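J.: What follows is run-v4.cif, made up of mmCIF, C-alpha atoms:
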```
data_model
loop_
_atom_site.label_atom_id
_atom_site.label_comp_id
_atom_site.auth_asym_id
_atom_site.auth_seq_id
_atom_site.Cartn_x
_atom_site.Cartn_y
_atom_site.Cartn_z
CA MET A 108 83.43 88.87 96.45
CA ASP A 109 89.07 90.68 91.00
CA ALA A 110 91.33 93.07 90.16
CA VAL A 111 88.02 94.79 90.69
CA ARG A 112 88.08 94.02 94.37
CA ARG A 113 91.81 94.86 94.17
CA ALA A 114 94.97 92.84 93.75
CA ALA A 115 94.68 91.62 97.31
CA ARG A 116 91.67 89.54 96.37
CA PRO A 117 90.55 87.37 93.47
CA SER A 118 88.78 89.17 90.63
CA ARG A 119 85.67 90.40 92.34
CA ARG A 120 83.67 90.69 89.20
CA GLY A 121 84.58 87.09 88.62
CA VAL A 122 83.46 86.43 92.13
CA LEU A 123 80.09 87.92 91.32
CA ARG A 124 79.62 86.39 87.94
CA ALA A 125 77.23 83.49 87.58
CA GLY A 126 78.46 81.75 84.45
CA GLY A 127 80.74 79.26 86.13
CA GLY A 128 78.11 76.54 86.29
CA VAL A 129 77.80 76.35 82.52
CA ALA A 130 79.67 73.96 80.20
CA LEU A 131 81.80 72.12 82.70
CA ALA A 132 81.32 68.70 81.18
CA ALA A 133 84.74 68.78 79.58
CA LEU A 134 86.33 69.17 82.98
CA ALA A 135 84.29 66.56 84.77
CA GLY A 136 86.72 63.78 84.03
CA THR A 137 89.87 65.78 84.68
CA ALA A 138 92.28 64.17 87.08
CA VAL A 139 92.78 66.20 90.24
CA THR A 140 95.53 65.94 92.80
CA GLY A 141 94.27 64.26 95.96
CA CYS A 142 93.80 66.11 99.18
CA GLY A 143 96.86 64.47 100.65
CA THR A 144 95.82 64.20 104.26
CA GLY A 145 98.03 61.21 104.92
CA THR A 146 95.33 58.62 105.62
CA ASP A 147 92.00 57.88 103.98
CA ASP A 148 90.01 59.41 106.82
CA GLY A 149 92.44 62.24 107.53
CA VAL A 150 93.08 61.05 111.09
CA ALA A 151 96.70 60.54 112.14
CA ALA A 152 97.87 57.96 114.64
CA ASP A 153 97.85 60.56 117.42
CA GLY A 154 94.25 61.54 116.66
CA THR A 155 95.08 64.74 114.77
CA VAL A 156 92.61 65.44 111.96
CA THR A 157 93.72 67.31 108.84
CA VAL A 158 91.22 69.14 106.64
CA GLU A 159 91.98 70.47 103.18
CA MET A 160 90.74 73.99 102.41
CA TRP A 161 90.74 75.33 98.86
CA HIS A 162 90.57 79.01 99.69
CA GLY A 163 90.89 80.83 96.36
CA GLN A 164 92.46 83.90 97.97
CA ALA A 165 95.52 85.90 96.96
CA ASP A 166 97.98 88.30 98.55
CA THR A 167 96.50 90.20 101.51
CA ALA A 168 93.44 87.99 101.88
CA LYS A 169 95.59 84.87 101.73
CA LYS A 170 97.90 86.23 104.43
CA ALA A 171 94.90 87.11 106.58
CA LEU A 172 93.55 83.58 106.26
CA GLU A 173 96.95 82.07 107.04
CA GLY A 174 97.11 84.11 110.23
CA LEU A 175 93.66 83.00 111.29
CA VAL A 176 94.47 79.36 110.57
CA ALA A 177 97.64 79.58 112.67
CA ASP A 178 95.65 80.96 115.61
CA PHE A 179 92.98 78.29 115.19
CA GLU A 180 95.53 75.49 115.19
CA ARG A 181 97.14 76.82 118.36
CA ALA A 182 93.74 76.73 120.04
CA HIS A 183 92.81 73.35 118.50
CA PRO A 184 96.01 71.24 118.51
CA LYS A 185 94.21 68.15 117.23
CA ILE A 186 93.00 69.84 114.01
CA ARG A 187 95.19 70.92 111.13
CA VAL A 188 93.89 73.09 108.29
CA LYS A 189 95.85 72.65 105.09
CA LEU A 190 95.41 75.64 102.79
CA GLY A 191 95.65 74.72 99.13
CA GLY A 192 93.75 74.40 95.90
CA GLY A 193 96.28 76.18 93.73
CA VAL A 194 93.70 78.38 91.97
CA LEU A 195 91.99 81.69 92.57
CA ALA A 196 88.29 81.88 93.30
CA ASP A 197 87.47 82.73 89.68
CA VAL A 198 88.12 79.14 88.57
CA MET A 199 87.33 77.34 91.80
CA LEU A 200 84.03 75.99 90.52
CA GLN A 201 85.71 74.25 87.61
CA LYS A 202 88.29 72.67 89.89
CA VAL A 203 85.75 71.56 92.47
CA THR A 204 83.47 70.14 89.78
CA ALA A 205 86.34 68.10 88.38
CA ALA A 206 87.38 67.01 91.86
CA LEU A 207 83.88 65.77 92.68
CA ALA A 208 83.82 63.79 89.43
CA ALA A 209 87.20 62.28 90.27
CA GLY A 210 86.21 61.47 93.85
CA SER A 211 89.11 63.46 95.31
CA TYR A 212 87.77 66.71 96.68
CA PRO A 213 88.64 69.08 99.55
CA ASP A 214 86.87 69.41 102.88
CA ILE A 215 86.19 73.14 102.41
CA ALA A 216 86.11 75.24 99.24
CA TYR A 217 85.43 78.89 98.48
CA ILE A 218 82.33 78.84 96.27
CA PHE A 219 80.68 81.91 94.78
CA GLY A 220 77.15 82.43 96.06
CA SER A 221 75.80 82.42 92.51
CA ASP A 222 77.24 78.90 92.04
CA LEU A 223 76.13 77.36 95.32
CA ALA A 224 72.82 75.93 94.07
CA ARG A 225 74.59 73.82 91.45
CA VAL A 226 77.34 72.66 93.77
CA ALA A 227 74.82 71.82 96.51
CA ARG A 228 73.18 69.27 94.20
CA SER A 229 76.14 67.01 94.95
CA PRO A 230 75.49 64.52 97.76
CA GLN A 231 79.02 65.24 98.97
CA VAL A 232 78.02 68.73 100.16
CA VAL A 233 77.54 68.76 103.95
CA ASP A 234 74.32 70.23 105.34
CA LEU A 235 75.25 72.91 107.88
CA THR A 236 71.77 73.65 109.23
CA ASP A 237 72.47 72.10 112.62
CA THR A 238 75.90 73.73 112.78
CA VAL A 239 74.55 77.27 112.50
CA GLY A 240 71.43 76.52 114.50
CA SER A 241 73.31 75.96 117.73
CA GLY A 242 76.59 76.82 119.36
CA PRO A 243 78.59 80.03 119.02
CA VAL A 244 77.73 80.96 115.41
CA PRO A 245 75.81 84.29 115.65
CA TRP A 246 73.32 83.12 113.03
CA LYS A 247 70.36 85.16 114.28
CA SER A 248 72.38 88.37 114.20
CA TYR A 249 73.63 87.72 110.66
CA TRP A 250 72.39 90.13 108.05
CA ALA A 251 69.52 88.62 106.05
CA ALA A 252 71.75 88.70 102.97
CA SER A 253 74.29 86.48 104.75
CA ARG A 254 71.65 83.91 105.67
CA ASP A 255 69.70 83.96 102.40
CA ALA A 256 72.81 83.46 100.26
CA VAL A 257 73.54 80.06 101.81
CA THR A 258 69.99 78.77 102.32
CA LEU A 259 68.42 76.44 99.76
CA ASN A 260 65.00 74.89 100.28
CA GLY A 261 65.10 75.83 103.94
CA ARG A 262 68.47 74.17 104.57
CA VAL A 263 71.83 75.87 105.16
CA ARG A 264 74.16 74.46 102.51
CA ALA A 265 77.31 76.51 103.24
CA ALA A 266 78.81 79.09 105.59
CA PRO A 267 78.93 82.76 104.53
CA ALA A 268 82.50 83.78 103.67
CA VAL A 269 82.51 87.31 102.21
CA LEU A 270 79.80 89.96 102.29
CA ASP A 271 79.42 93.22 100.35
CA SER A 272 76.84 95.65 98.97
CA LEU A 273 76.54 98.18 96.16
CA ALA A 274 76.44 101.96 96.48
CA VAL A 275 77.46 104.92 94.31
CA VAL A 276 80.87 106.55 94.70
CA CYS A 277 81.02 110.14 93.42
CA ASN A 278 84.00 112.30 92.45
CA ARG A 279 83.54 115.49 94.49
CA LYS A 280 85.77 117.57 92.20
CA LEU A 281 83.80 116.74 89.07
CA PHE A 282 80.52 117.48 90.82
CA ARG A 283 81.84 120.90 91.88
CA GLU A 284 83.07 121.69 88.38
CA ALA A 285 79.69 120.72 86.93
CA GLY A 286 77.87 122.87 89.46
CA LEU A 287 75.99 119.85 90.84
CA PRO A 288 75.22 119.25 94.52
CA LEU A 289 76.37 115.89 95.79
CA PRO A 290 73.49 113.38 95.83
CA LYS A 291 71.91 112.32 99.09
CA ALA A 292 70.06 109.23 100.28
CA GLY A 293 66.61 109.12 98.74
CA TRP A 294 67.63 110.30 95.28
CA THR A 295 66.04 108.73 92.22
CA TRP A 296 67.27 106.93 89.13
CA GLN A 297 66.13 109.92 87.11
CA ASP A 298 68.39 112.05 89.30
CA PHE A 299 71.21 109.61 88.49
CA VAL A 300 70.59 109.80 84.74
CA SER A 301 70.38 113.61 84.85
CA ALA A 302 73.58 113.90 86.89
CA ALA A 303 75.42 111.53 84.51
CA ARG A 304 74.34 113.68 81.57
CA THR A 305 75.56 116.90 83.23
CA LEU A 306 78.86 115.35 84.33
CA THR A 307 79.70 114.11 80.82
CA GLU A 308 82.15 116.15 78.74
CA SER A 309 82.98 114.18 75.63
CA GLY A 310 85.58 116.70 74.49
CA ARG A 311 87.56 116.14 77.68
CA GLY A 312 87.02 112.37 77.75
CA ARG A 313 84.78 112.58 80.81
CA PHE A 314 81.88 110.25 81.50
CA GLY A 315 79.02 110.57 83.92
CA THR A 316 79.17 106.92 84.93
CA GLY A 317 80.20 103.45 83.75
CA TRP A 318 78.69 100.02 83.21
CA PRO A 319 80.40 96.68 82.47
CA GLY A 320 79.60 95.68 78.89
CA THR A 321 80.62 92.03 78.74
CA GLY A 322 77.22 90.52 79.54
CA ASP A 323 78.55 88.55 82.51
CA GLU A 324 77.38 88.72 86.10
CA ASP A 325 79.25 91.97 86.59
CA THR A 326 76.93 93.47 83.99
CA VAL A 327 73.81 91.85 85.40
CA TRP A 328 73.91 92.20 89.16
CA ARG A 329 73.81 96.00 88.93
CA LEU A 330 70.33 95.82 87.38
CA TRP A 331 68.66 93.62 90.01
CA PRO A 332 68.18 96.46 92.54
CA LEU A 333 66.20 98.40 89.91
CA ILE A 334 64.04 95.36 89.15
CA TRP A 335 63.44 94.60 92.82
CA ASP A 336 62.57 98.22 93.53
CA LEU A 337 59.94 98.10 90.79
CA GLY A 338 58.38 95.01 92.38
CA GLY A 339 59.96 92.39 90.15
CA ASP A 340 62.03 89.36 91.06
CA VAL A 341 64.53 87.05 89.44
CA VAL A 342 62.16 84.06 89.27
CA ASP A 343 58.37 84.25 89.50
CA SER A 344 56.43 82.75 92.41
CA GLY A 345 55.68 79.60 90.45
CA GLY A 346 59.33 78.99 89.63
CA LYS A 347 58.61 78.42 85.93
CA GLY A 348 59.38 81.83 84.51
CA ILE A 349 61.24 85.05 85.10
CA GLY A 350 59.83 87.40 87.71
CA PHE A 351 60.75 90.58 85.83
CA ALA A 352 58.69 90.28 82.66
CA GLY A 353 56.72 93.35 83.67
CA THR A 354 59.54 95.36 85.26
CA GLY A 355 62.66 94.48 83.31
CA ALA A 356 61.97 96.86 80.42
CA ARG A 357 61.44 99.77 82.82
CA ALA A 358 64.75 98.99 84.54
CA LEU A 359 66.48 98.70 81.17
CA GLN A 360 65.08 102.11 80.24
CA VAL A 361 67.59 103.65 82.68
CA VAL A 362 70.38 101.89 80.81
CA ALA A 363 68.91 103.08 77.50
CA GLU A 364 68.82 106.70 78.68
CA LEU A 365 72.46 106.56 79.75
CA ALA A 366 73.39 105.10 76.36
CA ARG A 367 71.30 107.67 74.50
CA ASP A 368 73.03 110.51 76.35
CA LYS A 369 76.45 108.95 75.73
CA SER A 370 77.06 109.51 79.43
CA VAL A 371 78.08 105.94 80.23
CA TYR A 372 81.50 104.39 79.71
CA VAL A 373 80.92 100.80 78.56
CA ASP A 374 83.79 98.61 79.69
CA PRO A 375 84.41 95.99 76.98
CA LYS A 376 86.62 93.72 79.08
CA PRO A 377 85.81 91.29 81.90
CA GLY A 378 86.63 92.45 85.40
CA SER A 379 85.65 96.12 84.96
CA GLU A 380 89.26 97.18 85.44
CA GLN A 381 89.09 99.76 82.65
CA MET A 382 85.92 101.28 84.07
CA TYR A 383 87.53 101.67 87.48
CA GLN A 384 90.70 103.07 85.94
CA VAL A 385 88.63 105.76 84.22
CA PHE A 386 87.07 106.68 87.56
CA GLN A 387 90.40 106.62 89.40
CA SER A 388 91.97 108.83 86.75
CA GLY A 389 89.41 111.53 87.49
CA ARG A 390 87.45 111.13 84.24
CA MET A 391 84.20 109.65 85.61
CA GLY A 392 81.73 111.36 87.90
CA MET A 393 79.97 108.36 89.45
CA VAL A 394 80.61 104.66 89.69
CA VAL A 395 78.37 101.96 91.12
CA THR A 396 80.66 99.72 93.15
CA GLY A 397 81.26 97.98 96.45
CA PRO A 398 83.51 98.54 99.47
CA TRP A 399 86.32 96.51 97.93
CA GLN A 400 87.06 99.43 95.58
CA LEU A 401 87.59 102.08 98.27
CA PRO A 402 91.30 101.34 98.89
CA ASP A 403 92.12 101.79 95.20
CA ILE A 404 90.07 105.01 95.06
CA GLU A 405 91.90 106.35 98.10
CA THR A 406 95.28 105.35 96.67
CA ALA A 407 94.41 107.21 93.45
CA GLY A 408 93.88 110.37 95.48
CA ILE A 409 90.24 110.84 94.48
CA ASP A 410 88.23 113.09 96.79
CA TYR A 411 85.12 110.94 96.93
CA HIS A 412 81.63 110.77 98.39
CA VAL A 413 79.57 107.60 98.90
CA VAL A 414 75.77 107.60 98.64
CA PRO A 415 73.22 104.76 98.63
CA LEU A 416 71.87 103.52 95.32
CA PRO A 417 69.07 105.61 93.81
CA SER A 418 65.57 104.17 93.63
CA PHE A 419 62.25 104.62 91.84
CA SER A 420 60.16 104.29 94.98
CA GLY A 421 62.13 106.25 97.54
CA ARG A 422 62.68 103.03 99.50
CA PRO A 423 66.31 102.01 100.02
CA VAL A 424 67.34 98.86 98.13
CA THR A 425 70.65 97.37 97.13
CA ILE A 426 72.19 94.01 96.31
CA SER A 427 74.72 91.94 98.17
CA GLY A 428 76.85 89.24 96.56
CA PRO A 429 77.97 86.95 99.40
CA ASP A 430 80.37 84.09 98.74
CA THR A 431 80.61 80.89 100.73
CA TRP A 432 82.73 78.32 102.47
CA THR A 433 81.20 75.04 101.28
CA VAL A 434 81.94 71.83 103.18
CA PHE A 435 82.34 68.43 101.49
CA ASP A 436 81.99 65.02 103.10
CA ASN A 437 85.28 63.15 103.42
CA GLY A 438 84.16 61.13 106.41
CA GLU A 439 82.79 61.98 109.83
CA ALA A 440 86.06 63.05 111.45
CA ARG A 441 87.05 65.48 108.70
CA ALA A 442 83.54 66.90 108.33
CA LYS A 443 83.36 67.52 112.07
CA ALA A 444 86.77 69.22 112.05
CA ALA A 445 85.74 71.39 109.09
CA ARG A 446 82.58 72.45 110.90
CA THR A 447 84.61 73.24 114.01
CA PHE A 448 86.96 75.48 112.04
CA LEU A 449 84.18 77.36 110.23
CA THR A 450 82.27 77.82 113.48
CA TRP A 451 85.40 79.36 115.01
CA LEU A 452 85.98 81.52 111.92
CA ALA A 453 82.42 82.88 112.07
CA ARG A 454 82.72 84.20 115.61
CA PRO A 455 82.77 88.00 115.69
CA GLU A 456 86.30 88.21 117.08
CA GLN A 457 87.62 86.27 114.06
CA ASP A 458 85.14 87.70 111.56
CA VAL A 459 86.23 91.26 112.31
CA ARG A 460 89.87 90.38 111.63
CA TRP A 461 88.93 88.81 108.30
CA ASP A 462 86.73 91.77 107.38
CA ILE A 463 89.39 94.39 108.12
CA GLU A 464 92.33 92.52 106.63
CA ALA A 465 90.64 90.87 103.64
CA GLY A 466 88.05 93.49 102.68
CA SER A 467 84.66 92.04 103.61
CA LEU A 468 81.75 93.67 105.40
CA PRO A 469 80.77 92.20 108.79
CA LEU A 470 78.71 89.03 108.52
CA SER A 471 76.68 89.95 111.60
CA ARG A 472 75.53 92.88 113.67
CA ARG A 473 77.61 91.53 116.53
CA THR A 474 80.74 91.95 114.43
CA GLU A 475 79.64 95.39 113.28
CA ALA A 476 79.35 96.53 116.91
CA LEU A 477 82.93 95.60 117.82
CA PRO A 478 85.32 98.52 118.50
CA ALA A 479 87.77 97.27 115.86
CA TRP A 480 85.14 97.55 113.12
CA GLN A 481 83.85 100.88 114.39
CA ASP A 482 87.41 102.19 114.26
CA LYS A 483 87.73 100.94 110.68
CA VAL A 484 84.51 102.77 109.77
CA ALA A 485 85.74 105.98 111.40
CA ARG A 486 88.95 105.83 109.35
CA THR A 487 87.35 104.95 105.99
CA GLU A 488 85.25 107.55 104.18
CA GLY A 489 81.91 106.13 103.10
CA LEU A 490 82.35 102.63 104.52
CA ASN A 491 79.36 103.13 106.82
CA VAL A 492 77.12 103.63 103.75
CA PHE A 493 77.90 100.13 102.52
CA THR A 494 77.35 98.62 105.97
CA THR A 495 74.07 100.48 106.52
CA ALA A 496 72.90 99.28 103.11
CA LEU A 497 73.00 95.70 104.40
CA GLU A 498 69.79 96.46 106.30
CA THR A 499 67.87 96.42 103.00
CA ALA A 500 70.21 94.35 100.81
CA ARG A 501 68.83 91.43 98.85
CA VAL A 502 70.64 88.54 97.23
CA ARG A 503 70.14 86.65 94.02
CA PRO A 504 68.19 83.42 94.56
CA VAL A 505 70.04 80.21 95.27
CA HIS A 506 68.57 78.61 92.15
CA PRO A 507 70.27 76.12 89.80
CA ALA A 508 68.96 77.94 86.70
CA TYR A 509 70.27 81.33 87.78
CA PRO A 510 73.33 81.21 85.47
CA GLU A 511 71.08 80.87 82.42
CA VAL A 512 68.77 83.66 83.60
CA SER A 513 71.79 85.87 84.22
CA GLN A 514 73.27 85.08 80.81
CA ALA A 515 70.03 86.00 79.06
CA LEU A 516 69.67 89.26 80.99
CA GLY A 517 73.33 90.08 80.41
CA GLN A 518 72.82 89.85 76.66
CA ALA A 519 69.80 92.15 76.95
CA ILE A 520 71.71 94.77 78.94
CA VAL A 521 74.61 94.80 76.48
CA ALA A 522 72.22 95.12 73.52
CA VAL A 523 70.68 98.20 75.14
CA LEU A 524 74.03 99.65 76.26
CA LEU A 525 75.35 99.45 72.72
CA GLY A 526 72.16 100.79 71.15
CA ARG A 527 71.45 97.55 69.32
CA SER A 528 68.00 97.01 70.80
CA THR A 529 65.24 98.77 72.67
CA PRO A 530 64.53 97.78 76.29
CA GLU A 531 61.26 96.13 75.22
CA ARG A 532 62.79 93.98 72.43
CA ALA A 533 65.80 93.08 74.54
CA LEU A 534 63.59 92.02 77.43
CA ARG A 535 61.41 89.85 75.20
CA ALA A 536 64.47 88.01 73.89
CA CYS A 537 65.75 87.63 77.45
CA ALA A 538 62.41 86.23 78.62
CA ASP A 539 62.28 83.65 75.83
CA GLU A 540 65.71 82.29 76.69
CA ALA A 541 65.45 82.50 80.47
CA ASP A 542 61.94 81.02 80.65
CA ALA A 543 63.09 78.05 78.58
CA ALA A 544 65.94 77.44 81.04
CA LEU A 545 63.61 77.65 84.03
CA LEU A 546 61.32 74.99 82.55
CA ILE A 547 64.11 72.41 82.50
CA PRO A 548 63.74 70.03 85.47
CA ARG A 549 66.57 70.41 87.98
#
```
Would you mind giving the structure from this file in structure tokens?

T.:
Amino acid sequence: MDAVRRAARPSRRGVLRAGGGVALAALAGTAVTGCGTGTDDGVAADGTVTVEMWHGQADTAKKALEGLVADFERAHPKIRVKLGGGVLADVMLQKVTAALAAGSYPDIAYIFGSDLARVARSPQVVDLTDTVGSGPVPWKSYWAASRDAVTLNGRVRAAPAVLDSLAVVCNRKLFREAGLPLPKAGWTWQDFVSAARTLTESGRGRFGTGWPGTGDEDTVWRLWPLIWDLGGDVVDSGGKGIGFAGTGARALQVVAELARDKSVYVDPKPGSEQMYQVFQSGRMGMVVTGPWQLPDIETAGIDYHVVPLPSFSGRPVTISGPDTWTVFDNGEARAKAARTFLTWLARPEQDVRWDIEAGSLPLSRRTEALPAWQDKVARTEGLNVFTTALETARVRPVHPAYPEVSQALGQAIVAVLLGRSTPERALRACADEADAALLIPR
């Protein structure tokens, strides 16, 4: 789950975008370096099995994974995990797609949750239902968001890798100067709009809040909690049309009010880096973000407060954007070794290390209960809000047409943000495009 998540991780907004499944035909025939395991089946003469893992991580997260792999190999001397791939998570889908076309693909790859449905259409993707259904994987204590993000048609098609949620981070100083009380759980979207209006001081370059304005998944995923809270869904129950035809315009009305009041900073560049820089410079009162941003906010010296997302109904709702470790079939020995490694990695004692060092939320309640995580929560202002939000977090559907639905909704949000369309007109255009995509057989 970008410079947005911080330099220690791949671009998080890229991690949460859904456009990667579109227009990859040009890459399908690209030659890709082989996995290089030494033999066709990855089994050496002494019985050691080597699996290739395209991890997509950078800096701190990469070091954390390297440490975990070293510990795994010491405990499993007959399995070697070769970390490679040569690309960050933002472009992993393109590389994996090309590798599948070339017939030379890894055993494990870091795949964004929004891309899993398309990748899982490949017969080379290993079904992990039996792996999580037995043994030491704490599947039943996983948050629902962790399970739902990797389940397609009742089958588990990948292992959860990174988990997060959205909440609102507030600048305490700006709230004091504006004479506003800090928001509390149970506040409404109208409260949010009103606070953004009061916090805005155009003469001093201050904004009430911000919203990504590129139309990508970073723009879109922030609107789903509003739609869900109003009773809508991404896809309707019949699977042939959008599930927010009756609620999308109401959700977009919040965006329209922010734009009307000129209380929203619209970030024109992918990754939301400018939006976060405005907040970290003390010129934005509220920002909707995830736990990955807290280290940068702390480093910037912002005195901050974290509160759950507002709602229309008074019921708590948020969104989680889990990413996955997807396993590919390079023969029985390598697939078994890959499953063994991911099973080990999912255990709470390893998961908590990954969460603390790489910036994820716990995949399961068992991990959350560990003293190491509780100590992390005690030392990090507001982290508990993000973890508590997992109780009611939802995920985007694992659906092959999701990228097209997201693209259509992204265009609608940008049109409203920039004052180019009303919520009603923008939603109608979105519905026409998204419904057409959903009608295409998959």

J.: For the file shown, report as a list in words the outcome of the PyMOL selection byres ((chain A and resi 446) around 10) at residue level.

T.: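 When the PyMOL selection byres ((chain A and resi 446) around 10) is applied, the selected residues are Asp214, Ile215, Val233, Leu235, Thr238, Val239, Ala266, Val434, Arg441, Ala442, Lys443, Ala444, Ala445, Thr447, Phe448, Leu449, Thr450, Trp451 and Leu452 of chain A.
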
J.: For the contact check between range 279-324 of chain A and range 385-400 of chain A, emit one row per residue of range 279-324 of chain A within 9 Å, containing the shortest atom pair and the distance in Å rounded to one decimal, counting only C-alpha atoms, chain then rising number order, as a Markdown table.

T.:
```
| residue | atom | partner | partner_atom | distance |
| --- | --- | --- | --- | --- |
| A:Arg279 | CA | A:Gly392 | CA | 8.0 |
| A:Lys280 | CA | A:Gly389 | CA | 8.5 |
| A:Leu281 | CA | A:Gly392 | CA | 5.9 |
| A:Phe282 | CA | A:Gly392 | CA | 6.9 |
| A:Phe299 | CA | A:Met393 | CA | 8.9 |
| A:Ala302 | CA | A:Gly392 | CA | 8.6 |
| A:Ala303 | CA | A:Gly392 | CA | 7.2 |
| A:Leu306 | CA | A:Gly392 | CA | 6.1 |
| A:Thr307 | CA | A:Gly392 | CA | 7.9 |
| A:Arg311 | CA | A:Arg390 | CA | 8.3 |
| A:Gly312 | CA | A:Arg390 | CA | 6.6 |
| A:Arg313 | CA | A:Arg390 | CA | 4.6 |
| A:Phe314 | CA | A:Met391 | CA | 4.8 |
| A:Gly315 | CA | A:Gly392 | CA | 4.9 |
| A:Thr316 | CA | A:Met393 | CA | 4.8 |
| A:Gly317 | CA | A:Val394 | CA | 6.1 |
| A:Trp318 | CA | A:Val395 | CA | 8.2 |
```

J.: Could you pull the residues within 10 Å of Gly348 in chain A, counting all atoms listed in the file, minus those fewer than 3 positions along the same chain, as a PDB file with C-alpha atoms, keeping the file's coordinate frame?

T.:
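Listing of selection05.pdb after writing:
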```pdb
ATOM      1  CA  VAL A 341      64.530  87.050  89.440  1.00  0.00           C
ATOM      2  CA  VAL A 342      62.160  84.060  89.270  1.00  0.00           C
ATOM      3  CA  ASP A 343      58.370  84.250  89.500  1.00  0.00           C
ATOM      4  CA  SER A 344      56.430  82.750  92.410  1.00  0.00           C
ATOM      5  CA  GLY A 345      55.680  79.600  90.450  1.00  0.00           C
ATOM      6  CA  PHE A 351      60.750  90.580  85.830  1.00  0.00           C
ATOM      7  CA  ALA A 352      58.690  90.280  82.660  1.00  0.00           C
ATOM      8  CA  VAL A 512      68.770  83.660  83.600  1.00  0.00           C
ATOM      9  CA  ALA A 538      62.410  86.230  78.620  1.00  0.00           C
ATOM     10  CA  ASP A 539      62.280  83.650  75.830  1.00  0.00           C
ATOM     11  CA  ALA A 541      65.450  82.500  80.470  1.00  0.00           C
ATOM     12  CA  ASP A 542      61.940  81.020  80.650  1.00  0.00           C
ATOM     13  CA  ALA A 543      63.090  78.050  78.580  1.00  0.00           C
ATOM     14  CA  ALA A 544      65.940  77.440  81.040  1.00  0.00           C
ATOM     15  CA  LEU A 545      63.610  77.650  84.030  1.00  0.00           C
ATOM     16  CA  LEU A 546      61.320  74.990  82.550  1.00  0.00           C
TER      17      LEU A 546
END
```

J.: Could you tell me how far CA of Ile409 in chain A lies from CA of Pro288 in chain A, in Å and to one decimal?

T.: 17.2 Å

J.: Evaluate the PyMOL selection byres ((chain A and resi 507) around 6) against this structure - the residues, as a list in words, please.

T.: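 Those residues are Ala224, Arg225, His506, Ala508 and Tyr509 of chain A.
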
J.: Mind dumping the selected residues with C-alpha atoms as a short mmCIF file (atom, residue, chain, number, x, y, z; two decimals), in the coordinates of the input?

T.:
```cif
data_model
loop_
_atom_site.label_atom_id
_atom_site.label_comp_id
_atom_site.auth_asym_id
_atom_site.auth_seq_id
_atom_site.Cartn_x
_atom_site.Cartn_y
_atom_site.Cartn_z
CA ALA A 224 72.82 75.93 94.07
CA ARG A 225 74.59 73.82 91.45
CA HIS A 506 68.57 78.61 92.15
CA ALA A 508 68.96 77.94 86.70
CA TYR A 509 70.27 81.33 87.78
#
```
